[in-house]
file entry.txt (compact mmCIF, C-alpha atoms)
# COMPACT_ATOMS: atom_id res chain seq x y z
CA MET A 1 -6.75 33.43 -25.72
CA SER A 2 -3.80 34.22 -27.91
CA ILE A 3 -1.45 31.59 -29.23
CA GLU A 4 1.74 31.55 -27.22
CA GLY A 5 5.09 30.02 -28.03
CA PHE A 6 8.69 30.65 -28.86
CA TRP A 7 8.13 31.11 -32.60
CA ALA A 8 8.63 34.87 -33.15
CA ASP A 9 9.10 34.51 -36.90
CA MET A 10 10.00 31.84 -39.41
CA THR A 11 13.63 32.82 -39.60
CA ILE A 12 14.26 30.48 -36.69
CA ALA A 13 12.91 27.49 -38.65
CA THR A 14 15.62 24.98 -37.94
CA ALA A 15 15.40 21.27 -37.47
CA ASP A 16 16.21 21.68 -33.82
CA ASN A 17 13.48 24.26 -33.24
CA LEU A 18 10.98 22.08 -35.06
CA ASN A 19 11.99 19.12 -32.96
CA ALA A 20 11.58 21.33 -29.91
CA CYS A 21 7.86 21.36 -30.74
CA LEU A 22 7.69 17.60 -30.20
CA LEU A 23 7.34 15.97 -26.83
CA GLN A 24 10.77 15.55 -25.31
CA VAL A 25 11.50 12.68 -22.96
CA GLY A 26 14.25 11.73 -20.58
CA SER A 27 15.12 10.69 -17.08
CA GLY A 28 14.91 13.36 -14.42
CA ALA A 29 14.17 17.07 -14.59
CA PRO A 30 14.06 18.65 -18.07
CA ALA A 31 16.89 21.11 -17.53
CA GLY A 32 19.34 18.24 -17.37
CA VAL A 33 18.07 16.68 -20.60
CA VAL A 34 16.92 19.43 -22.98
CA GLY A 35 18.40 22.46 -21.27
CA ALA A 36 17.19 25.37 -19.22
CA ALA A 37 13.78 26.92 -19.79
CA GLY A 38 13.55 29.71 -22.33
CA GLN A 39 11.56 28.40 -25.25
CA GLN A 40 7.94 28.83 -24.35
CA GLY A 41 5.71 25.95 -25.34
CA ARG A 42 8.10 23.05 -25.09
CA TYR A 43 6.87 20.07 -23.15
CA TYR A 44 8.82 17.28 -21.57
CA TYR A 45 8.06 13.98 -19.85
CA ASP A 46 10.27 12.56 -17.10
CA THR A 47 10.04 8.80 -17.68
CA THR A 48 11.67 7.98 -14.35
CA ASN A 49 9.46 10.03 -12.07
CA TYR A 50 6.32 10.11 -14.23
CA ARG A 51 6.17 13.90 -14.43
CA MET A 52 5.10 16.18 -17.29
CA TYR A 53 6.65 19.65 -17.59
CA TRP A 54 5.98 22.74 -19.68
CA ASP A 55 8.40 25.53 -20.51
CA ASN A 56 6.69 28.89 -19.95
CA GLY A 57 9.60 30.82 -21.38
CA SER A 58 11.35 31.40 -18.10
CA SER A 59 10.96 28.20 -16.06
CA TRP A 60 9.94 24.58 -16.34
CA ASN A 61 6.51 24.07 -14.77
CA LEU A 62 5.08 20.80 -13.53
CA LEU A 63 1.85 19.87 -15.35
CA LEU A 64 1.36 16.32 -14.17
CA ASN A 65 2.93 14.58 -11.21
CA SER A 66 2.79 11.19 -9.57
CA ASP A 67 1.30 10.92 -6.09
CA PRO A 68 0.86 14.68 -5.67
CA ALA A 69 -0.88 16.34 -2.71
CA VAL A 70 -4.34 15.06 -1.85
CA ALA A 71 -6.31 17.80 -3.59
CA THR A 72 -4.14 17.71 -6.70
CA ALA A 73 -5.09 15.41 -9.55
CA GLY A 74 -2.27 13.14 -10.60
CA LEU A 75 -1.06 9.70 -11.46
CA ARG A 76 -1.22 7.48 -8.37
CA THR A 77 0.61 4.48 -7.11
CA LEU A 78 -1.30 2.08 -4.89
CA GLY A 79 -0.54 1.59 -1.22
CA THR A 80 -1.26 2.88 2.25
CA GLY A 81 0.53 6.23 2.07
CA ALA A 82 -1.40 9.46 2.54
CA GLN A 83 -0.97 10.42 -1.10
CA GLN A 84 -1.40 6.98 -2.60
CA ALA A 85 -4.66 5.42 -3.71
CA ALA A 86 -5.93 2.34 -1.91
CA ALA A 87 -5.94 -0.78 -4.04
CA GLY A 88 -9.37 -2.01 -4.98
CA ASN A 89 -8.80 -5.28 -3.14
CA HIS A 90 -7.31 -3.74 0.02
CA THR A 91 -8.30 -5.05 3.41
CA HIS A 92 -8.42 -3.57 6.89
CA THR A 93 -6.99 -5.07 10.03
CA ILE A 94 -8.99 -4.77 13.20
CA SER A 95 -6.66 -3.68 15.97
CA SER A 96 -9.12 -4.42 18.75
CA HIS A 97 -12.61 -5.72 19.28
CA ASP A 98 -14.00 -5.36 22.78
CA LEU A 99 -17.29 -7.02 23.54
CA GLU A 100 -19.42 -6.57 26.65
CA GLU A 101 -22.67 -8.42 27.14
CA PHE A 102 -25.35 -7.51 29.68
CA VAL A 103 -28.18 -9.86 30.58
CA GLU A 104 -31.40 -8.78 32.20
CA THR A 105 -30.91 -9.90 35.84
CA ASN A 106 -34.50 -10.89 36.46
CA ALA A 107 -34.89 -12.85 33.27
CA ALA A 108 -36.87 -16.04 33.56
CA ALA A 109 -34.78 -19.09 34.38
CA SER A 110 -35.42 -22.58 33.17
CA GLY A 111 -38.09 -24.08 35.38
CA GLY A 112 -38.83 -20.70 36.89
CA THR A 113 -41.76 -18.40 36.63
CA ILE A 114 -42.26 -16.18 33.63
CA LYS A 115 -41.53 -12.64 34.69
CA SER A 116 -44.65 -10.67 35.46
CA VAL A 117 -43.28 -7.37 34.25
CA ALA A 118 -45.54 -6.40 31.41
CA THR A 119 -44.62 -3.80 28.84
CA TYR A 120 -47.84 -2.26 27.62
CA ASN A 121 -49.36 1.15 27.23
CA THR A 122 -46.35 2.68 28.99
CA GLU A 123 -42.81 2.43 27.69
CA THR A 124 -40.96 0.34 30.25
CA THR A 125 -37.25 -0.03 30.78
CA VAL A 126 -36.31 -3.67 30.63
CA LEU A 127 -32.54 -3.38 30.88
CA THR A 128 -29.92 -0.74 31.62
CA ALA A 129 -26.15 -1.08 31.37
CA SER A 130 -22.98 0.96 31.57
CA PRO A 131 -20.37 -0.42 29.20
CA THR A 132 -16.83 0.60 30.04
CA TRP A 133 -14.48 1.68 27.29
CA ALA A 134 -12.35 4.64 26.40
CA GLY A 135 -10.25 5.99 23.59
CA SER A 136 -10.89 7.34 20.15
CA ASN A 137 -11.03 6.14 16.56
CA LYS A 138 -13.55 3.51 17.50
CA THR A 139 -16.92 2.29 16.28
CA ARG A 140 -19.64 1.21 18.70
CA VAL A 141 -22.12 -1.46 17.64
CA LEU A 142 -24.92 -1.69 20.17
CA THR A 143 -27.44 -4.51 19.90
CA GLY A 144 -30.46 -5.05 22.15
CA SER A 145 -32.51 -8.20 22.08
CA TYR A 146 -35.82 -9.05 23.68
CA VAL A 147 -37.67 -12.33 24.07
CA GLY A 148 -41.29 -12.25 25.15
CA MET A 149 -44.85 -13.23 24.38
CA HIS A 150 -48.47 -12.25 24.91
CA ALA A 151 -51.82 -13.96 25.45
CA ASN A 152 -54.00 -12.04 23.03
CA VAL A 153 -55.91 -14.11 20.48
CA ALA A 154 -54.51 -11.96 17.68
CA ALA A 155 -50.94 -11.07 16.72
CA LYS A 156 -49.79 -7.90 18.49
CA ASN A 157 -47.03 -5.41 17.97
CA HIS A 158 -44.20 -4.82 20.40
CA VAL A 159 -41.92 -1.78 20.22
CA LEU A 160 -38.29 -2.13 21.30
CA LYS A 161 -36.18 1.01 21.71
CA LEU A 162 -32.51 1.62 22.34
CA TYR A 163 -31.18 4.66 24.23
CA ILE A 164 -27.72 6.16 24.79
CA ASN A 165 -27.62 8.62 27.66
CA SER A 166 -31.43 8.79 27.61
CA VAL A 167 -31.48 9.72 23.92
CA GLU A 168 -33.32 7.32 21.64
CA VAL A 169 -31.00 6.08 18.90
CA ALA A 170 -32.90 3.16 17.36
CA SER A 171 -36.23 1.38 17.55
CA ASP A 172 -37.96 -1.64 16.10
CA THR A 173 -41.61 -2.65 15.88
CA LYS A 174 -42.43 -6.30 15.45
CA SER A 175 -45.62 -8.35 15.33
CA PHE A 176 -45.60 -11.14 17.93
CA PRO A 177 -47.83 -14.15 17.15
CA SER A 178 -50.94 -15.16 19.05
CA PRO A 179 -50.92 -18.31 21.26
CA ASP A 180 -51.42 -21.49 19.28
CA THR A 181 -54.35 -23.52 20.75
CA GLY A 182 -53.54 -22.26 24.20
CA VAL A 183 -49.79 -22.72 23.98
CA TYR A 184 -47.78 -19.53 24.30
CA ARG A 185 -45.54 -18.70 21.39
CA PRO A 186 -42.53 -16.62 22.49
CA ALA A 187 -40.80 -14.55 19.85
CA SER A 188 -37.66 -12.46 19.71
CA GLN A 189 -36.89 -8.97 18.58
CA THR A 190 -33.64 -7.08 18.09
CA VAL A 191 -32.61 -3.49 17.58
CA THR A 192 -29.14 -2.33 16.53
CA TYR A 193 -27.36 1.00 16.42
CA VAL A 194 -23.93 1.75 14.94
CA GLU A 195 -22.15 4.81 16.30
CA THR A 196 -19.21 5.64 14.03
CA SER A 197 -17.33 8.05 16.30
CA PRO A 198 -18.44 7.55 19.89
CA THR A 199 -16.90 10.11 22.18
CA SER A 200 -19.15 10.04 25.19
CA GLY A 201 -22.35 8.58 26.53
CA HIS A 202 -21.65 5.11 27.77
CA ALA A 203 -24.97 4.52 29.54
CA VAL A 204 -27.39 2.51 27.46
CA SER A 205 -30.92 1.24 28.05
CA LEU A 206 -33.50 -0.93 26.36
CA THR A 207 -37.23 -0.30 26.64
CA GLY A 208 -40.32 -2.19 25.53
CA ASN A 209 -43.91 -1.24 24.98
CA SER A 210 -47.13 -2.43 23.43
CA ASP A 211 -49.28 0.40 22.28
CA ASP A 212 -52.62 -1.37 22.06
CA GLY A 213 -53.23 -2.48 25.64
CA THR A 214 -51.88 -5.97 25.22
CA PRO A 215 -49.66 -7.03 28.12
CA PHE A 216 -46.37 -8.49 26.98
CA LEU A 217 -44.59 -10.96 29.23
CA GLU A 218 -40.85 -10.54 29.13
CA ILE A 219 -38.77 -13.70 29.21
CA GLY A 220 -35.38 -12.09 28.91
CA ALA A 221 -33.38 -9.27 27.39
CA THR A 222 -29.72 -8.65 26.55
CA LEU A 223 -27.58 -5.74 25.50
CA VAL A 224 -24.35 -6.36 23.60
CA ASN A 225 -21.91 -3.48 23.31
CA GLN A 226 -19.11 -4.03 20.79
CA ILE A 227 -16.26 -1.55 20.41
CA VAL A 228 -14.22 -1.99 17.27
CA THR A 229 -10.97 -0.14 16.59
CA ILE A 230 -9.60 -0.28 13.06
CA MET B 231 21.86 20.09 -26.29
CA PRO B 232 19.78 19.19 -29.37
CA HIS B 233 16.13 18.29 -29.14
CA GLN B 234 14.88 14.84 -29.97
CA GLY B 235 12.74 14.44 -33.08
CA PHE B 236 12.40 13.41 -36.70
CA PHE B 237 13.26 16.76 -38.28
CA GLU B 238 16.74 16.75 -39.78
CA ASP B 239 19.14 19.47 -40.79
CA GLY B 240 18.50 20.77 -44.27
CA LEU B 241 14.78 20.94 -43.61
CA THR B 242 13.95 18.81 -46.63
CA ASP B 243 10.97 17.48 -44.67
CA LEU B 244 9.67 20.91 -43.67
CA HIS B 245 7.34 21.34 -46.64
CA ASP B 246 5.43 18.12 -46.15
CA PRO B 247 2.09 18.89 -44.44
CA ASP B 248 2.09 15.40 -42.96
CA ASN B 249 5.25 16.29 -41.10
CA MET B 250 3.60 19.39 -39.71
CA ASN B 251 0.67 17.24 -38.58
CA ARG B 252 3.04 14.74 -37.05
CA MET B 253 3.86 17.47 -34.55
CA LEU B 254 0.29 17.28 -33.26
CA LEU B 255 -1.14 14.71 -30.90
CA GLN B 256 -2.32 11.60 -32.74
CA VAL B 257 -5.19 9.53 -31.35
CA GLY B 258 -6.28 6.02 -32.26
CA ASN B 259 -6.08 2.35 -31.43
CA VAL B 260 -2.95 0.25 -30.96
CA ALA B 261 -2.60 -0.79 -34.61
CA GLU B 262 -3.15 2.71 -35.94
CA MET B 263 -0.68 4.25 -33.54
CA ALA B 264 1.92 1.58 -34.24
CA ALA B 265 1.75 2.32 -37.97
CA LEU B 266 2.00 6.07 -37.40
CA SER B 267 4.98 5.73 -35.09
CA ALA B 268 7.32 3.88 -37.42
CA SER B 269 10.27 5.97 -38.63
CA PHE B 270 9.21 9.22 -37.00
CA GLU B 271 10.76 9.88 -33.61
CA GLY B 272 8.82 12.30 -31.47
CA ILE B 273 5.24 11.65 -32.51
CA THR B 274 3.02 11.72 -29.45
CA VAL B 275 0.15 9.26 -29.43
CA TRP B 276 -2.87 8.73 -27.25
CA VAL B 277 -3.88 5.09 -27.54
CA ASP B 278 -7.55 4.86 -26.77
CA GLU B 279 -8.78 1.28 -26.84
CA SER B 280 -11.55 1.48 -24.24
CA ASP B 281 -12.54 3.30 -21.08
CA ALA B 282 -10.13 1.07 -19.17
CA VAL B 283 -7.21 1.18 -21.62
CA LYS B 284 -5.81 4.64 -22.25
CA VAL B 285 -2.11 5.10 -22.89
CA LEU B 286 0.01 8.17 -23.57
CA GLY B 287 2.95 7.15 -25.69
CA ARG B 288 5.73 8.56 -27.80
CA SER B 289 7.48 7.22 -30.86
CA ASP B 290 11.18 6.43 -30.56
CA GLY B 291 11.47 6.24 -34.35
CA ASP B 292 10.54 2.60 -34.48
CA SER B 293 7.41 2.12 -32.41
CA TRP B 294 5.54 3.98 -29.72
CA ILE B 295 6.72 3.66 -26.13
CA PRO B 296 4.15 3.97 -23.34
CA LEU B 297 4.76 6.92 -21.04
CA PHE B 298 1.90 6.16 -18.73
CA SER B 299 -1.17 4.01 -19.02
CA THR B 300 -4.05 2.52 -17.07
CA ASP B 301 -4.07 0.26 -13.99
CA GLN B 302 -0.37 -0.56 -13.92
CA ALA B 303 1.37 -2.45 -11.07
CA ALA B 304 0.84 -0.98 -7.64
CA GLY B 305 4.24 0.73 -7.48
CA THR B 306 3.92 2.36 -10.89
CA PRO B 307 2.20 5.75 -11.03
CA SER B 308 -0.73 5.23 -13.32
CA LEU B 309 -4.16 6.27 -14.43
CA ARG B 310 -6.53 4.17 -12.34
CA THR B 311 -9.99 2.84 -12.91
CA LEU B 312 -12.11 2.29 -9.80
CA GLY B 313 -13.00 -1.18 -8.61
CA THR B 314 -12.02 -4.05 -6.36
CA ASN B 315 -9.07 -5.53 -8.26
CA ALA B 316 -5.46 -5.35 -7.09
CA THR B 317 -4.39 -2.71 -9.60
CA GLN B 318 -7.54 -0.61 -9.44
CA ALA B 319 -8.13 2.21 -6.98
CA ALA B 320 -10.86 1.89 -4.40
CA ALA B 321 -13.80 4.25 -4.83
CA GLY B 322 -14.11 6.92 -2.18
CA ASP B 323 -17.41 5.53 -1.01
CA HIS B 324 -16.32 1.90 -0.86
CA THR B 325 -17.46 -0.30 2.02
CA HIS B 326 -16.14 -3.39 3.72

call {"tool": "encode", "arguments": {"input": "entry.txt", "output": "structure tokens"}}
result
Amino acid sequence: MSIEGFWADMTIATADNLNACLLQVGSGAPAGVVGAAGQQGRYYYDTTNYRMYWDNGSSWNLLLNSDPAVATAGLRTLGTGAQQAAAGNHTHTISSHDLEEFVETNAAASGGTIKSVATYNTETTVLTASPTWAGSNKTRVLTGSYVGMHANVAAKNHVLKLYINSVEVASDTKSFPSPDTGVYRPASQTVTYVETSPTSGHAVSLTGNSDDGTPFLEIGATLVNQIVTI
Amino acid sequence: MPHQGFFEDGLTDLHDPDNMNRMLLQVGNVAEMAALSASFEGITVWVDESDAVKVLGRSDGDSWIPLFSTDQAAGTPSLRTLGTNATQAAAGDHTH
């Protein structure tokens, strides 16, 4: 790279030309402060608009700008504009939060009989639901919960799975305790899935299974569908 | 219109190498840059105190004047560190 600049020879060594080699400052575009472009190598800083310019010999060129286009590096103010940076302590306001809760219709009631549906060896649907919502720019948080127990003398695993439109999206395996001196010990289990840009597929289902031949007795199950718009 | 700077007509200061070097960017801490800036309008300084304090400044013939620095008020275009304070910028992968 060759050295470039307006110094053709030393016969132009004047105080003004030497000063032209120093950073020039002023308010507004350089042409209005130090004159039109024409001396290659001069540089100028606009103290009002936070912009750095360079004289390429024929025009003033912007080197550094404030709040330039997204892909352009630059000084940034803070705010919510498309070309500003977000402040480190910024917050978000939730514009809507829609919550739908679905309870397993045959869940055991107080004083009633524990449901005989057993989830073992075969994955069994314990709850289905069709949340209703529409729109875009949302986040879906889907949580399934299960309460049940078993009668095996040892702790046993139960697998809880969550589906959207028959596609498995999350699962959880949990060890449920054995009965304590003949007294059943119900336990709970949850599974959660966060869908960041849901566009379709409202139908959801929750399944349970025990993969070692131990019957699990379901006490109840719920599905909570939360739609958050920010 | 004349350019701003410490060179004066007559060019009596042209043969001092220090004056030639004063045309180059000077880098140092606040005290060093303050000493360099006295009496010489046009010296450009980069004040480098730490990763979070970096200031481009220019001497007005008395002291150096900041042109832009780090983590200024929200409405002032500024170099920004990343973090969670009010004058920092949020990192691109920040969470809530």

call {"tool": "interface_residues", "arguments": {"input": "entry.txt", "of": "chain B", "to": "chain A", "cutoff": "10 Å", "atoms": "all atoms listed in the file", "output": "PyMOL selection string"}}
result
chain B and resi 231-244+250+252-255+271-274+287-290+296-322+324+326

call {"tool": "atom_distance", "arguments": {"input": "entry.txt", "atom1": "CA of Ser269 (chain B)", "atom2": "CA of Asp292 (chain B)"}}
result
5.4 Å

call {"tool": "residues_near_point", "arguments": {"input": "entry.txt", "point": "(-50.0, -4.7, 20.8)", "cutoff": "9 Å", "atoms": "all atoms listed in the file", "output": "list in words"}}
result
Tyr120, Asn121, His150, Asn152, Ala155, Lys156, Asn157, His158, Val159, Ser175, Phe176, Asn209, Ser210, Asp211, Asp212, Gly213, Thr214, Pro215 and Phe216 of chain A

call {"tool": "write_last_selection", "arguments": {"input": "entry.txt", "atoms": "C-alpha atoms", "output": "PDB file, keeping the file's coordinate frame"}}
result
ATOM      1  CA  TYR A 120     -47.840  -2.260  27.620  1.00  0.00           C
ATOM      2  CA  ASN A 121     -49.360   1.150  27.230  1.00  0.00           C
ATOM      3  CA  HIS A 150     -48.470 -12.250  24.910  1.00  0.00           C
ATOM      4  CA  ASN A 152     -54.000 -12.040  23.030  1.00  0.00           C
ATOM      5  CA  ALA A 155     -50.940 -11.070  16.720  1.00  0.00           C
ATOM      6  CA  LYS A 156     -49.790  -7.900  18.490  1.00  0.00           C
ATOM      7  CA  ASN A 157     -47.030  -5.410  17.970  1.00  0.00           C
ATOM      8  CA  HIS A 158     -44.200  -4.820  20.400  1.00  0.00           C
ATOM      9  CA  VAL A 159     -41.920  -1.780  20.220  1.00  0.00           C
ATOM     10  CA  SER A 175     -45.620  -8.350  15.330  1.00  0.00           C
ATOM     11  CA  PHE A 176     -45.600 -11.140  17.930  1.00  0.00           C
ATOM     12  CA  ASN A 209     -43.910  -1.240  24.980  1.00  0.00           C
ATOM     13  CA  SER A 210     -47.130  -2.430  23.430  1.00  0.00           C
ATOM     14  CA  ASP A 211     -49.280   0.400  22.280  1.00  0.00           C
ATOM     15  CA  ASP A 212     -52.620  -1.370  22.060  1.00  0.00           C
ATOM     16  CA  GLY A 213     -53.230  -2.480  25.640  1.00  0.00           C
ATOM     17  CA  THR A 214     -51.880  -5.970  25.220  1.00  0.00           C
ATOM     18  CA  PRO A 215     -49.660  -7.030  28.120  1.00  0.00           C
ATOM     19  CA  PHE A 216     -46.370  -8.490  26.980  1.00  0.00           C
TER      20      PHE A 216
END

call {"tool": "atom_distance", "arguments": {"input": "entry.txt", "atom1": "CA of Ser188 (chain A)", "atom2": "CA of Trp133 (chain A)"}}
result
28.2 Å

call {"tool": "residues_around", "arguments": {"input": "entry.txt", "residues": "Ser166 (chain A)", "least_positions_apart": "4", "cutoff": "9 Å", "atoms": "all atoms listed in the file", "output": "MDAnalysis selection string"}}
result
chainID A and resid 162 203:205
